[in-house]
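Asks: First, the structure itself, so that you have it in front of you.
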Amino acid sequence: MNCLSYIEHTTRQMERSAQYLVSGETQAHEVLLKKIIHKAYLENHTLLVIDETKDSIGVLEKLTSEGYSIINGLSGMFIFNPFNITTLTNISRLRQLLETFQVTEKEKQKVVSYLSFIQHIRGLEGKSTNLTVSILGKEYSTYEAVARKLHNMEKGGIIEEDEMYFLLSKYSELSSAGAELEDLFPLLQPFVEEVSVKQNQKEFQKSAVVLQTGELGRDQNFKQMVIQLLKFGMDGESNINTVIYIDSGCGSREELHYLCTELCSRVNLNVFSKDIFTAPSAMLTEILNRSDIKIYGRHNMASAELLENELGEIYVSKSTYNETFDRRFISNKPWDVLLGRNKTQGYQALAPAKEAMHSKELLSTLRLNQIIMDVSGRKIMTTL
């Protein structure tokens with residue numbers, strides 16, 4: 001049974017699709033990437049590909065050859081509307097997003113109070129309390145616009161004059177939070193427009209959203225913001241069921257760690273890394289624990305040592321043999337030498353000792369078609 005047959009046999013025993021992690025220099029990158037894309041297409045899944053590399057490894061060609069249409073995730077698309085704070089869950093998501101931009105706890109609560117105030121005004125008008133960037137920018141961005149709105153409500157008998165002045169005073173208190181929130185609008189605008197979920201899913205059928213975060217360089221806040229919005233969208237009614245994350249074996253891996261620990265279990269996360277062991281040690285365990293099947297190729301010696309520890313140890317039983325020669329002349333007569341009576345032989349079985357299952361020397365010299373496969377704790381060395 002070759003490795004692909006073994007993987008198929010293992011995945012059939014699972015109640016859901018397997019999640020893969022491939023690390024190192026190995027042909028498994030090409031083989032499994034094609035296999036995952038093909039399976040996702042057959043199951044009518046919308047794919048999300050997060051490409052953290054500076055130079056694409058040909059994933060776009062694989063997607064188009066399979067039949068997927070490509071959506072550039074950085075060009076703008078509906079992901080999630082963080083301003084619709086009608087539930088505690090959505091309030092928490094907005095607070096997480098603000099945390100990405102180093103907003104203080106006091107400022108976060110002021111933003112939530114500001115949006116709650118806008119919802120209250122819209123409720124008085126009899127309008128939907130769902131907020132979007134467009135609504136906030138067009139109707140509530142200036143004191144004059146809010147004052148005109150409240151004055152019209154007072155003339156229409158919706159509110160009393162005292163309540164109008166109270167609401168204007170309250171808006172003056174909270175408007176500074178609105179001004180700071182508007183500073184984020186240029187970044188958020190392409191990703192948070194409110195659209196119909198049904199329309200969104202229909203548009204994404206047989207599509208692959210490709211997010212080339214490697215092009216953003218070290219703009220960590222923007223990367224984290226887009227990944228967060230995508231994750232919040234996938235928590236809801238998103239049709240994205242398969243995520244492929246590709247990196248070049250360097251960087252802080254904060255986005256990958258976030259996905260591994262926060263992405264809901266129904267979404268399959270598959271990681272293809274040139275060297276996953278360059279990730280910070282505090283994150284590495286949680287990244288590895290997300291995957292069901294881990295495949296390792298050749299690594300440099302520093303990473304091979306970490307991989308050696310990850311693969312664990314086994315008990316090895318060894319024995320020793322020794323010979324003791326009697327150099328006295330009387331014991332070395334020809335007949336004694338011929339019969340071996342001039343020496344004493346000893347055999348000893350040693351207690352089992354721990355050794356690395358696969359040494360770092362071996363892991364740093366694997367050929368491209370050789371892999372170490374870790375399937376639910378069973379470590380196997382095989383070839384593709």
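Residues are referred to by chain and number: the chain letter is A, B, ... according to the order shown in the structure tokens, the number counts from 1 in that chain, and ligands are numbered separately from 1 in the order shown.
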Using only C-alpha atoms, which residues sit within 9 Å of A:Asn332 once same-chain residues fewer than 5 positions away are excluded, as number ranges by chain?
Replies: A: 326-327, 337, 341-342
Asks: Let me see the file: selected residues, all heavy atoms, as a CSV table (one decimal), in the first residue's frame.
Replies:
chain,number,residue,atom,x,y,z
A,326,ASP,N,44.2,-13.8,27.1
A,326,ASP,CA,45.3,-14.1,28.1
A,326,ASP,C,46.6,-14.1,27.4
A,326,ASP,O,46.9,-14.9,26.5
A,326,ASP,CB,45.0,-15.5,28.7
A,326,ASP,CG,45.9,-15.8,29.9
A,326,ASP,OD1,46.9,-15.0,30.0
A,326,ASP,OD2,45.6,-16.7,30.6
A,327,ARG,N,47.5,-13.1,27.7
A,327,ARG,CA,48.7,-12.9,27.0
A,327,ARG,C,49.9,-13.7,27.6
A,327,ARG,O,51.0,-13.6,27.1
A,327,ARG,CB,49.1,-11.4,27.0
A,327,ARG,CG,48.1,-10.5,26.2
A,327,ARG,CD,48.0,-10.9,24.7
A,327,ARG,NE,47.2,-10.1,23.9
A,327,ARG,CZ,46.8,-10.3,22.7
A,327,ARG,NH1,47.3,-11.4,22.1
A,327,ARG,NH2,46.0,-9.5,22.0
A,337,VAL,N,45.6,-21.8,21.3
A,337,VAL,CA,45.2,-20.8,20.3
A,337,VAL,C,44.2,-21.4,19.3
A,337,VAL,O,43.2,-20.8,19.0
A,337,VAL,CB,46.4,-20.2,19.6
A,337,VAL,CG1,45.9,-19.2,18.4
A,337,VAL,CG2,47.3,-19.4,20.5
A,341,ARG,N,41.3,-21.4,23.6
A,341,ARG,CA,41.3,-21.4,25.1
A,341,ARG,C,42.2,-20.3,25.7
A,341,ARG,O,42.4,-20.1,26.9
A,341,ARG,CB,41.9,-22.7,25.6
A,341,ARG,CG,40.9,-23.9,25.3
A,341,ARG,CD,41.3,-25.2,25.9
A,341,ARG,NE,42.6,-25.6,25.3
A,341,ARG,CZ,43.1,-26.9,25.4
A,341,ARG,NH1,42.3,-27.8,26.0
A,341,ARG,NH2,44.2,-27.2,24.9
A,342,ASN,N,42.7,-19.4,24.8
A,342,ASN,CA,43.5,-18.3,25.3
A,342,ASN,C,42.7,-17.0,25.4
A,342,ASN,O,43.3,-15.9,25.6
A,342,ASN,CB,44.7,-18.1,24.3
A,342,ASN,CG,44.2,-17.6,23.0
A,342,ASN,OD1,43.1,-17.9,22.5
A,342,ASN,ND2,45.0,-16.8,22.3
Asks: What are the DSSP alpha helix (DSSP H) residues of stretch 50-227 of chain A, as a ChimeraX atom specification?
Replies: /A:59-66,88-100,105-125,133-139,143-155,161-182,185-188,197-204,220-227
Asks: Can you tell me, as a VMD selection string, what residues are no more than 10 Å from stretch 135-148 of chain A when counting only C-alpha atoms, ignoring any on the same chain fewer than 3 positions away?
Replies: chain A and resid 83 115 118 121 130 to 132 151 to 154 164 to 165 167 to 168 171 to 172 175 178 to 179 181 to 182 185
Asks: Based on the backbone DSSP call, show me all residues of stretch 33-238 of chain A assigned strand (DSSP E or B), as a list in words.
Replies: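 In stretch 33-238 of chain A, DSSP puts these residues in strand (DSSP E or B): Thr46, Leu47, Leu48, Val49, Ile50, Asp51, Ser69, Ile70, Ile71, Asn72, Ser207, Ala208, Val209, Val210 and Leu211 of chain A.
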Asks: Those residues with N, CA and C atoms, as a CSV table (one decimal), in the first residue's frame please?
Replies:
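What follows is the written file out35.csv:
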chain,number,residue,atom,x,y,z
A,46,THR,N,-16.6,26.2,-2.0
A,46,THR,CA,-15.9,27.4,-2.3
A,46,THR,C,-14.6,27.4,-1.6
A,47,LEU,N,-13.5,27.6,-2.3
A,47,LEU,CA,-12.2,27.5,-1.7
A,47,LEU,C,-11.7,28.9,-1.3
A,48,LEU,N,-11.0,28.9,-0.2
A,48,LEU,CA,-10.2,30.1,0.2
A,48,LEU,C,-8.7,29.7,0.2
A,49,VAL,N,-7.9,30.4,-0.6
A,49,VAL,CA,-6.5,30.2,-0.6
A,49,VAL,C,-5.8,31.4,-0.1
A,50,ILE,N,-5.0,31.3,1.0
A,50,ILE,CA,-4.3,32.3,1.6
A,50,ILE,C,-2.8,32.1,1.2
A,51,ASP,N,-2.3,32.9,0.3
A,51,ASP,CA,-0.9,32.7,-0.2
A,51,ASP,C,0.0,33.7,0.4
A,69,SER,N,-13.3,29.4,-10.9
A,69,SER,CA,-13.1,30.8,-11.3
A,69,SER,C,-12.4,31.5,-10.1
A,70,ILE,N,-11.5,32.5,-10.4
A,70,ILE,CA,-10.7,33.1,-9.3
A,70,ILE,C,-11.3,34.4,-8.9
A,71,ILE,N,-11.4,34.6,-7.6
A,71,ILE,CA,-11.8,35.9,-7.0
A,71,ILE,C,-10.6,36.5,-6.3
A,72,ASN,N,-10.1,37.6,-6.6
A,72,ASN,CA,-9.0,38.3,-5.9
A,72,ASN,C,-9.5,38.8,-4.6
A,207,SER,N,-16.2,28.9,-7.1
A,207,SER,CA,-15.2,30.0,-7.1
A,207,SER,C,-14.1,29.7,-6.0
A,208,ALA,N,-13.0,30.3,-6.3
A,208,ALA,CA,-11.9,30.2,-5.3
A,208,ALA,C,-11.4,31.6,-5.0
A,209,VAL,N,-11.5,32.0,-3.7
A,209,VAL,CA,-11.1,33.3,-3.3
A,209,VAL,C,-9.6,33.2,-2.9
A,210,VAL,N,-8.8,33.9,-3.6
A,210,VAL,CA,-7.3,33.9,-3.5
A,210,VAL,C,-6.9,35.2,-2.8
A,211,LEU,N,-6.3,35.0,-1.6
A,211,LEU,CA,-5.9,36.2,-0.8
A,211,LEU,C,-4.4,36.1,-0.8
Asks: Which polymer residues have any atom within 10 Å of an atom of A:Ile293, counting only C-alpha atoms, with same-chain residues fewer than 4 positions away left out, as a list in words?
Replies: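 Listed by chain and then number, they are Ile7, Thr10, Thr11, Ala18, Gln19, Tyr20, Leu21, Val22, Asn270, Leu288, Asn289, Met373, Asp374, Val375, Ser376, Gly377 and Arg378 of chain A.
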Asks: What is the atom CA of A:Glu160-atom CA of A:Ser113 distance in Å, reported with one decimal?
Replies: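 Atom CA of A:Glu160 sits 22.5 Å away from atom CA of A:Ser113.
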Asks: Excluding stretch 228-244 of chain A and any residue of its chain fewer than 3 positions from it, enumerate the residues within 8 Å of it, using only C-alpha atoms, and give them as a list in words.
Replies: Ala40, His45, Thr46, Leu47, Leu48, Val49, Ile50, Ile79, Phe80, Pro82, Arg93, Leu97, Phe191, Val197, Gln201, Phe204, Gln224, Met225, Leu259, Glu262, Leu263, Cys264, Arg266, Val267, Asn268, Leu269, Asn270, Val271 and Phe272 of chain A
Asks: Find, counting only C-alpha atoms, the residue in A:Met77, A:Ile372, A:Leu60, A:Leu350 that gets nearest to A:Tyr315.
Replies: A:Leu350
